[in-house]
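J.: Contents are compact mmCIF, C-alpha atoms; file name coords-v8.txt:
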```
# COMPACT_ATOMS: atom_id res chain seq x y z
CA MET T 633 0.00 0.00 0.00
CA THR T 634 1.33 3.43 -0.97
CA LEU T 635 1.39 6.01 1.82
CA ASN T 636 1.24 9.51 0.34
CA ARG T 637 1.99 12.73 2.16
CA ARG T 638 -1.66 13.52 2.92
CA SER T 639 -2.46 10.11 4.38
CA PHE T 640 0.76 10.17 6.40
CA LEU T 641 -0.14 13.53 7.95
CA THR T 642 -3.68 12.34 8.68
CA ALA T 643 -2.39 9.19 10.37
CA SER T 644 0.12 11.21 12.39
CA ALA T 645 -2.59 13.58 13.57
CA LEU T 646 -4.83 10.70 14.64
CA SER T 647 -1.93 9.08 16.52
CA ALA T 648 -1.15 12.33 18.33
CA ALA T 649 -4.80 12.77 19.30
CA ALA T 650 -4.86 9.26 20.71
CA VAL T 651 -2.04 9.93 23.17
CA LEU T 652 -3.12 13.41 24.26
CA PRO T 653 -5.42 12.15 27.04
CA THR T 654 -2.56 10.05 28.45
CA VAL T 655 -0.19 13.01 28.47
CA ALA T 656 -2.82 15.30 29.94
CA ALA T 657 -3.58 12.82 32.69
CA ALA T 658 0.09 12.72 33.61
CA GLU T 659 0.44 16.49 33.89
CA SER T 660 0.96 17.86 37.35
CA ALA T 661 -1.74 20.19 38.68
CA GLY T 662 -1.03 23.84 38.01
CA THR T 663 2.32 23.33 36.26
CA GLY T 664 1.32 22.05 32.85
CA LYS T 665 4.36 19.75 32.93
CA PRO T 666 4.19 15.94 32.71
CA GLN T 667 5.07 14.07 35.89
CA ALA T 668 8.10 11.86 35.38
CA SER T 669 7.61 8.29 36.51
CA ARG T 670 10.33 7.22 38.87
CA SER T 671 11.48 3.87 40.13
CA GLY T 672 12.68 5.66 43.26
CA PRO T 673 12.25 5.33 47.03
CA GLU T 674 8.48 5.48 46.85
CA SER T 675 8.34 2.39 44.62
CA ALA T 676 11.25 0.42 46.10
CA ASP T 677 10.49 -2.71 48.11
CA PRO T 678 11.96 -2.26 51.63
CA HIS T 679 11.95 -6.03 52.13
CA TYR T 680 13.46 -7.10 48.81
CA ARG T 681 16.01 -9.90 48.93
CA ILE T 682 17.98 -11.26 46.00
CA ARG T 683 16.03 -14.19 44.49
CA ASN T 684 18.13 -15.41 41.60
CA SER T 685 21.65 -16.77 41.27
CA GLY T 686 22.50 -15.69 37.75
CA ILE T 687 25.04 -13.17 38.99
CA ARG T 688 26.89 -12.59 42.27
CA HIS T 689 26.06 -9.21 43.79
CA SER T 690 28.70 -7.21 45.66
CA LEU T 691 29.08 -3.57 46.65
CA MET T 692 31.80 -0.94 46.73
CA GLY T 693 32.13 0.10 50.34
CA TRP T 694 33.47 3.62 49.85
CA CYS T 695 30.17 4.69 48.27
CA TRP T 696 28.26 4.16 51.50
CA LYS T 697 30.52 6.24 53.75
CA PRO T 698 30.20 7.35 56.51
CA MET T 699 28.16 4.24 57.37
CA ASP T 700 30.00 1.81 59.62
CA THR T 701 31.55 -0.93 57.47
CA VAL T 702 30.39 -3.86 59.58
CA GLU T 703 26.85 -2.45 59.75
CA LEU T 704 26.89 -2.06 55.96
CA ALA T 705 28.10 -5.64 55.58
CA LYS T 706 25.27 -6.91 57.78
CA HIS T 707 22.73 -5.15 55.58
CA ALA T 708 24.42 -6.58 52.48
CA LYS T 709 24.25 -10.11 53.89
CA GLU T 710 20.58 -9.72 54.80
CA ILE T 711 19.73 -8.50 51.28
CA GLY T 712 21.54 -11.49 49.80
CA LEU T 713 24.75 -10.00 48.45
CA GLN T 714 27.69 -12.39 48.33
CA GLY T 715 30.62 -9.98 48.45
CA ILE T 716 32.00 -6.59 49.36
CA GLU T 717 34.99 -4.57 48.13
CA GLY T 718 36.47 -1.10 48.49
CA ILE T 719 36.74 -1.30 52.28
CA ASP T 720 39.64 -0.95 54.71
CA ARG T 721 41.50 -4.26 54.95
CA LYS T 722 41.18 -4.20 58.74
CA PHE T 723 37.50 -5.09 58.27
CA TYR T 724 38.19 -8.18 56.15
CA PRO T 725 37.95 -10.63 59.10
CA ASP T 726 34.65 -9.08 60.27
CA VAL T 727 32.90 -9.24 56.90
CA ARG T 728 34.20 -12.72 56.18
CA ALA T 729 32.86 -13.84 59.57
CA LEU T 730 29.45 -12.66 58.37
CA GLY T 731 29.72 -14.97 55.38
CA LEU T 732 30.62 -12.36 52.76
CA GLU T 733 33.52 -12.74 50.35
CA ILE T 734 36.03 -10.04 49.52
CA SER T 735 35.18 -9.66 45.85
CA LEU T 736 38.13 -7.43 44.89
CA VAL T 737 41.29 -6.20 46.65
CA GLY T 738 42.59 -2.68 46.05
CA SER T 739 46.18 -1.92 45.14
CA HIS T 740 47.98 1.19 43.89
CA GLY T 741 45.10 3.54 43.06
CA PHE T 742 44.16 5.11 39.74
CA ALA T 743 46.40 8.20 39.78
CA GLN T 744 49.90 6.79 40.22
CA GLY T 745 49.92 4.05 37.65
CA PRO T 746 52.41 2.19 35.48
CA CYS T 747 52.07 4.49 32.45
CA ASN T 748 54.43 6.83 34.31
CA PRO T 749 57.89 5.28 34.81
CA LYS T 750 58.46 7.12 38.09
CA PHE T 751 55.69 5.06 39.70
CA ARG T 752 56.81 1.69 38.34
CA ASP T 753 58.49 0.40 41.50
CA GLU T 754 55.63 1.60 43.68
CA VAL T 755 53.08 -0.14 41.46
CA VAL T 756 55.05 -3.39 41.46
CA SER T 757 55.36 -3.29 45.24
CA LYS T 758 51.69 -2.50 45.89
CA LEU T 759 50.39 -5.01 43.39
CA THR T 760 52.61 -7.73 44.85
CA GLU T 761 51.36 -6.93 48.34
CA ALA T 762 47.72 -6.87 47.18
CA ILE T 763 48.14 -10.24 45.47
CA ASP T 764 49.31 -11.78 48.73
CA VAL T 765 46.48 -10.15 50.69
CA ALA T 766 43.92 -11.42 48.19
CA ALA T 767 45.28 -14.96 48.27
CA ASP T 768 45.30 -14.97 52.07
CA VAL T 769 41.63 -13.93 52.35
CA GLY T 770 40.33 -16.15 49.57
CA CYS T 771 39.73 -13.36 47.07
CA LYS T 772 40.47 -14.09 43.42
CA LYS T 773 40.97 -10.58 42.03
CA VAL T 774 43.16 -7.49 42.46
CA ILE T 775 42.40 -4.21 40.72
CA THR T 776 44.92 -2.23 38.69
CA PHE T 777 44.88 1.00 36.66
CA THR T 778 46.91 2.66 33.92
CA GLY T 779 47.46 5.89 35.87
CA MET T 780 47.21 9.48 34.71
CA ARG T 781 48.70 11.14 31.66
CA PHE T 782 51.75 13.33 32.36
CA GLU T 783 53.62 16.11 30.62
CA GLY T 784 55.74 14.90 27.74
CA MET T 785 54.16 11.44 27.74
CA ASP T 786 54.50 9.33 24.61
CA PRO T 787 51.30 7.21 24.46
CA ALA T 788 52.92 4.24 22.74
CA GLN T 789 55.78 4.16 25.23
CA ALA T 790 53.35 4.61 28.13
CA ALA T 791 51.36 1.59 26.93
CA ASN T 792 54.59 -0.42 26.72
CA ASP T 793 55.53 0.66 30.24
CA CYS T 794 52.14 -0.52 31.51
CA ILE T 795 52.61 -3.90 29.84
CA ASP T 796 56.14 -4.28 31.18
CA THR T 797 55.10 -3.42 34.74
CA TRP T 798 52.13 -5.80 34.77
CA LYS T 799 54.20 -8.60 33.26
CA THR T 800 56.69 -8.14 36.08
CA VAL T 801 54.09 -9.01 38.73
CA LEU T 802 51.96 -11.41 36.70
CA PRO T 803 54.01 -14.56 37.45
CA HIS T 804 53.42 -13.96 41.16
CA ALA T 805 49.68 -13.50 40.53
CA GLU T 806 49.55 -16.72 38.50
CA ARG T 807 51.38 -18.67 41.23
CA ARG T 808 48.91 -17.47 43.84
CA GLY T 809 45.83 -17.97 41.68
CA ILE T 810 44.98 -14.27 41.46
CA THR T 811 43.66 -12.36 38.46
CA LEU T 812 44.56 -8.71 37.93
CA VAL T 813 41.65 -6.68 36.54
CA LEU T 814 42.35 -3.43 34.68
CA GLU T 815 39.71 -0.76 35.18
CA HIS T 816 38.74 1.61 32.41
CA LEU T 817 37.65 5.04 33.79
CA ASN T 818 35.89 8.00 32.23
CA SER T 819 37.77 11.29 31.76
CA ARG T 820 34.69 13.38 30.84
CA ASP T 821 33.03 14.07 34.19
CA ASN T 822 34.91 16.76 36.11
CA THR T 823 32.19 17.50 38.68
CA HIS T 824 33.44 15.23 41.45
CA PRO T 825 36.76 13.46 42.16
CA MET T 826 35.10 10.03 42.06
CA LYS T 827 32.56 10.57 39.27
CA GLY T 828 35.18 11.11 36.58
CA HIS T 829 38.94 11.25 36.20
CA PRO T 830 40.13 13.87 33.69
CA GLY T 831 43.58 12.94 32.42
CA TYR T 832 43.25 9.20 33.00
CA PHE T 833 45.30 7.34 30.40
CA GLY T 834 43.02 4.31 30.07
CA ASP T 835 39.83 6.23 29.31
CA ASP T 836 38.98 4.24 26.14
CA VAL T 837 37.65 0.77 26.96
CA GLU T 838 38.79 -0.56 23.58
CA PHE T 839 42.33 0.61 24.33
CA CYS T 840 42.20 -1.11 27.74
CA ALA T 841 40.90 -4.25 26.05
CA GLU T 842 43.87 -4.15 23.68
CA LEU T 843 46.25 -3.90 26.67
CA VAL T 844 44.60 -7.02 28.09
CA ARG T 845 45.05 -8.80 24.77
CA ARG T 846 48.71 -7.82 24.70
CA ILE T 847 49.24 -9.30 28.16
CA GLY T 848 47.75 -12.55 26.90
CA SER T 849 47.16 -14.26 30.24
CA PRO T 850 43.96 -15.68 31.76
CA HIS T 851 45.14 -13.99 34.96
CA PHE T 852 44.86 -10.50 33.47
CA LYS T 853 41.37 -9.28 32.61
CA LEU T 854 39.30 -6.16 31.99
CA LEU T 855 37.14 -4.55 34.67
CA PHE T 856 34.03 -3.52 32.73
CA ASP T 857 32.51 -0.59 34.60
CA ILE T 858 29.11 -0.04 32.99
CA TYR T 859 28.94 3.58 34.20
CA HIS T 860 32.35 4.54 32.77
CA VAL T 861 31.78 2.64 29.51
CA SER T 862 28.42 4.36 29.07
CA ILE T 863 30.07 7.78 29.37
CA MET T 864 33.13 7.20 27.21
CA ASN T 865 32.08 4.63 24.63
CA GLY T 866 28.40 3.76 24.85
CA ASP T 867 26.79 0.81 23.02
CA VAL T 868 27.13 -1.04 26.33
CA ILE T 869 25.39 -4.33 25.54
CA ARG T 870 27.04 -4.95 22.18
CA ARG T 871 30.41 -3.85 23.58
CA PHE T 872 30.12 -6.22 26.53
CA ARG T 873 29.28 -9.10 24.22
CA ALA T 874 32.24 -8.30 21.98
CA LEU T 875 34.67 -8.09 24.91
CA ARG T 876 33.15 -10.87 27.00
CA GLU T 877 36.14 -13.21 26.93
CA LEU T 878 38.38 -10.43 28.27
CA ILE T 879 36.10 -9.34 31.13
CA GLY T 880 36.85 -10.41 34.68
CA HIS T 881 34.78 -8.05 36.85
CA VAL T 882 31.82 -5.68 36.48
CA HIS T 883 30.74 -2.45 38.24
CA THR T 884 27.46 -0.53 38.16
CA ALA T 885 26.29 3.08 38.70
CA GLY T 886 23.68 5.36 37.19
CA ASN T 887 24.70 7.75 34.43
CA PRO T 888 24.74 10.70 34.74
CA GLY T 889 25.54 11.41 38.37
CA ARG T 890 26.92 8.05 39.53
CA SER T 891 23.84 7.61 41.69
CA GLU T 892 21.00 5.10 41.96
CA LEU T 893 20.00 2.71 39.18
CA ASP T 894 16.61 4.39 38.81
CA ASP T 895 14.85 5.87 35.79
CA LEU T 896 16.38 9.32 36.28
CA GLN T 897 19.51 8.02 34.60
CA GLU T 898 19.96 6.70 31.09
CA ILE T 899 21.27 3.15 31.43
CA ASN T 900 18.63 0.43 31.06
CA TYR T 901 20.09 -1.82 33.75
CA PRO T 902 17.58 -4.69 33.48
CA ALA T 903 18.41 -5.05 29.78
CA VAL T 904 22.15 -4.65 30.36
CA ILE T 905 22.41 -7.19 33.19
CA ARG T 906 20.18 -9.65 31.35
CA ALA T 907 22.59 -9.40 28.41
CA VAL T 908 25.58 -9.76 30.74
CA THR T 909 24.28 -13.03 32.17
CA GLU T 910 23.16 -14.30 28.78
CA ALA T 911 26.71 -13.68 27.56
CA GLY T 912 27.88 -16.15 30.20
CA TYR T 913 29.12 -13.79 32.91
CA HIS T 914 27.99 -15.01 36.35
CA ASP T 915 30.75 -13.64 38.57
CA PHE T 916 30.71 -10.56 40.81
CA LEU T 917 28.67 -7.49 39.91
CA ALA T 918 29.72 -4.73 42.33
CA HIS T 919 27.37 -1.80 42.89
CA GLU T 920 29.53 1.32 42.87
CA PHE T 921 26.99 4.12 42.92
CA ILE T 922 26.83 7.00 45.41
CA PRO T 923 23.41 6.86 47.12
CA THR T 924 21.36 10.05 47.15
CA TRP T 925 18.17 8.61 48.66
CA LYS T 926 17.43 9.34 52.32
CA ASP T 927 17.74 5.61 53.00
CA PRO T 928 20.95 4.38 51.34
CA ILE T 929 20.21 0.74 52.17
CA LEU T 930 16.88 1.00 50.37
CA ALA T 931 18.86 2.28 47.38
CA LEU T 932 21.06 -0.81 47.58
CA ARG T 933 18.02 -3.10 47.79
CA HIS T 934 16.56 -1.40 44.75
CA ALA T 935 19.81 -1.80 42.78
CA THR T 936 19.91 -5.53 43.52
CA MET T 937 16.27 -5.85 42.46
CA VAL T 938 16.93 -4.06 39.17
CA CYS T 939 19.90 -6.34 38.48
CA ASP T 940 18.49 -9.61 39.88
CA PHE T 941 18.89 -12.12 37.05
```
If you convert what's in this file into structure tokens, what do you get?

T.:
Amino acid sequence: MTLNRRSFLTASALSAAAVLPTVAAAESAGTGKPQASRSGPESADPHYRIRNSGIRHSLMGWCWKPMDTVELAKHAKEIGLQGIEGIDRKFYPDVRALGLEISLVGSHGFAQGPCNPKFRDEVVSKLTEAIDVAADVGCKKVITFTGMRFEGMDPAQAANDCIDTWKTVLPHAERRGITLVLEHLNSRDNTHPMKGHPGYFGDDVEFCAELVRRIGSPHFKLLFDIYHVSIMNGDVIRRFRALRELIGHVHTAGNPGRSELDDLQEINYPAVIRAVTEAGYHDFLAHEFIPTWKDPILALRHATMVCDF
């Protein structure tokens, strides 16, 4: 059937008329503006517990400061999370006693990384120490970073320096059964020191993936942070599928703002996490968002519900 201009305009007008009552009904009284639906505190289930086992939920402890770490861990255990990371090592015995795993051990930090030769020895030392800590507490992963760009840096040489530094510590990681995971970070958001990292060398996830390929070890993987990938590269689901064999850990947060996984941010987390599990990833998914809700534990419950596959 041929659709000419007149019939197209008529059909468009009829379609618009059909949705006008819905829009009008959603308008707030006196403002003339539609009310945004929100999967926020008012719709979150305060009793939700993780129901499925398709992925292992964890959380990044620093996001819930100043809450007491052990109290946070107790809430996490009650909700059904299996791990916790990003906490002071002195709390490892307490959270393990609660039945939680340490899902990831920190190391040298994102600023002083191996792309800069002056930090090489420090990175080697801190990664070696972190590997031993991880092995001793039954954790399988240690995080690493490229570090920040510096004046006069040659990108090709900086990449080589990263590779050389990681290969120096990798035999120790392999002996102890530990996997190093390289985190890609966004360099776009300059509003907060932990929402974005302007100047970070590894700000392209495809570049970080290539570094992982160059290492060529099953004990060196990519940390796929959905929030950072969304900001810098986008096409999250297809990109995850393409990089799946290189991925060893996953983080979440809402974009923009690095806050809750609600519908005030742009990432469709149910679709993303469904795709993640369908791609065969069933390891730790660490929630690394900064809660803004009055009840931060309710925000955590809601995040686990959204990602419960």

J.: Set the distance at 7 Å and use all atoms listed in the file: which residues neighbour segment 909-926 of chain T once local chain neighbours fewer than 3 positions away are removed? I'd like the list as number ranges by chain.

T.: T: 673, 686-692, 695-696, 735, 873, 881-886, 890-892, 905-906, 931

J.: With distances taken over all atoms listed in the file, which of T:Gly828, T:Gly779, T:Gly834, T:Pro746 is nearest to Cys794 of chain T?

T.: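 So, comparing all the options, the nearest one is T:Pro746.
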
J.: Taking (52.6, -16.2, 38.2) as a centre in this file's frame and 12 Å as the limit, can you find every polymer residue with an atom that close, using all atoms listed in the file, and give them as a PyMOL selection string?

T.: chain T and resi 760+763-764+798-812+849-852

J.: If we count all atoms listed in the file and set the cut-off at 12 Å, which residues sit around Leu878 of chain T, ignoring sequence neighbours fewer than 4 positions away in its own chain? Please answer as a VMD selection string.

T.: chain T and resid 811 to 815 837 to 838 840 to 856 871 to 874 882 913

J.: So the first atom is atom CA of Lys706 of chain T and the second is atom CA of Met826 of chain T; what is the distance between them in Å, to one decimal place?

T.: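 One can read the atom CA of Lys706 of chain T to atom CA of Met826 of chain T distance as 25.1 Å.
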
J.: Which residue, T:Arg781, T:Arg933, T:His740, T:His816, has the smallest gap to Asp857 of chain T when you use only C-alpha atoms?

T.: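 The closest residue to Asp857 of chain T is T:His816.
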
J.: Give me the residues within 7 Å of Val702 of chain T as a PyMOL selection string, counting all atoms listed in the file and dropping any in the same chain fewer than 3 places off.

T.: chain T and resi 705-706+726-727

J.: Using atom CA of Pro888 of chain T and atom CA of Lys709 of chain T as the two end points, give the distance in Å to one decimal.

T.: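 Those two atoms sit 28.3 Å apart.
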
J.: Which distance in Å separates atom CA of Ile899 of chain T and atom CA of Phe941 of chain T, to one decimal?

T.: 16.4 Å

J.: Could you list as a list in words every residue that has an atom within 8 Å of (36.2, 2.1, 50.2), using the file's coordinates and counting all atoms listed in the file?

T.: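 In the file's frame, the residues around the point are Met692, Gly693, Trp694, Cys695, Lys697, Glu717, Gly718, Ile719 and Asp720 of chain T.
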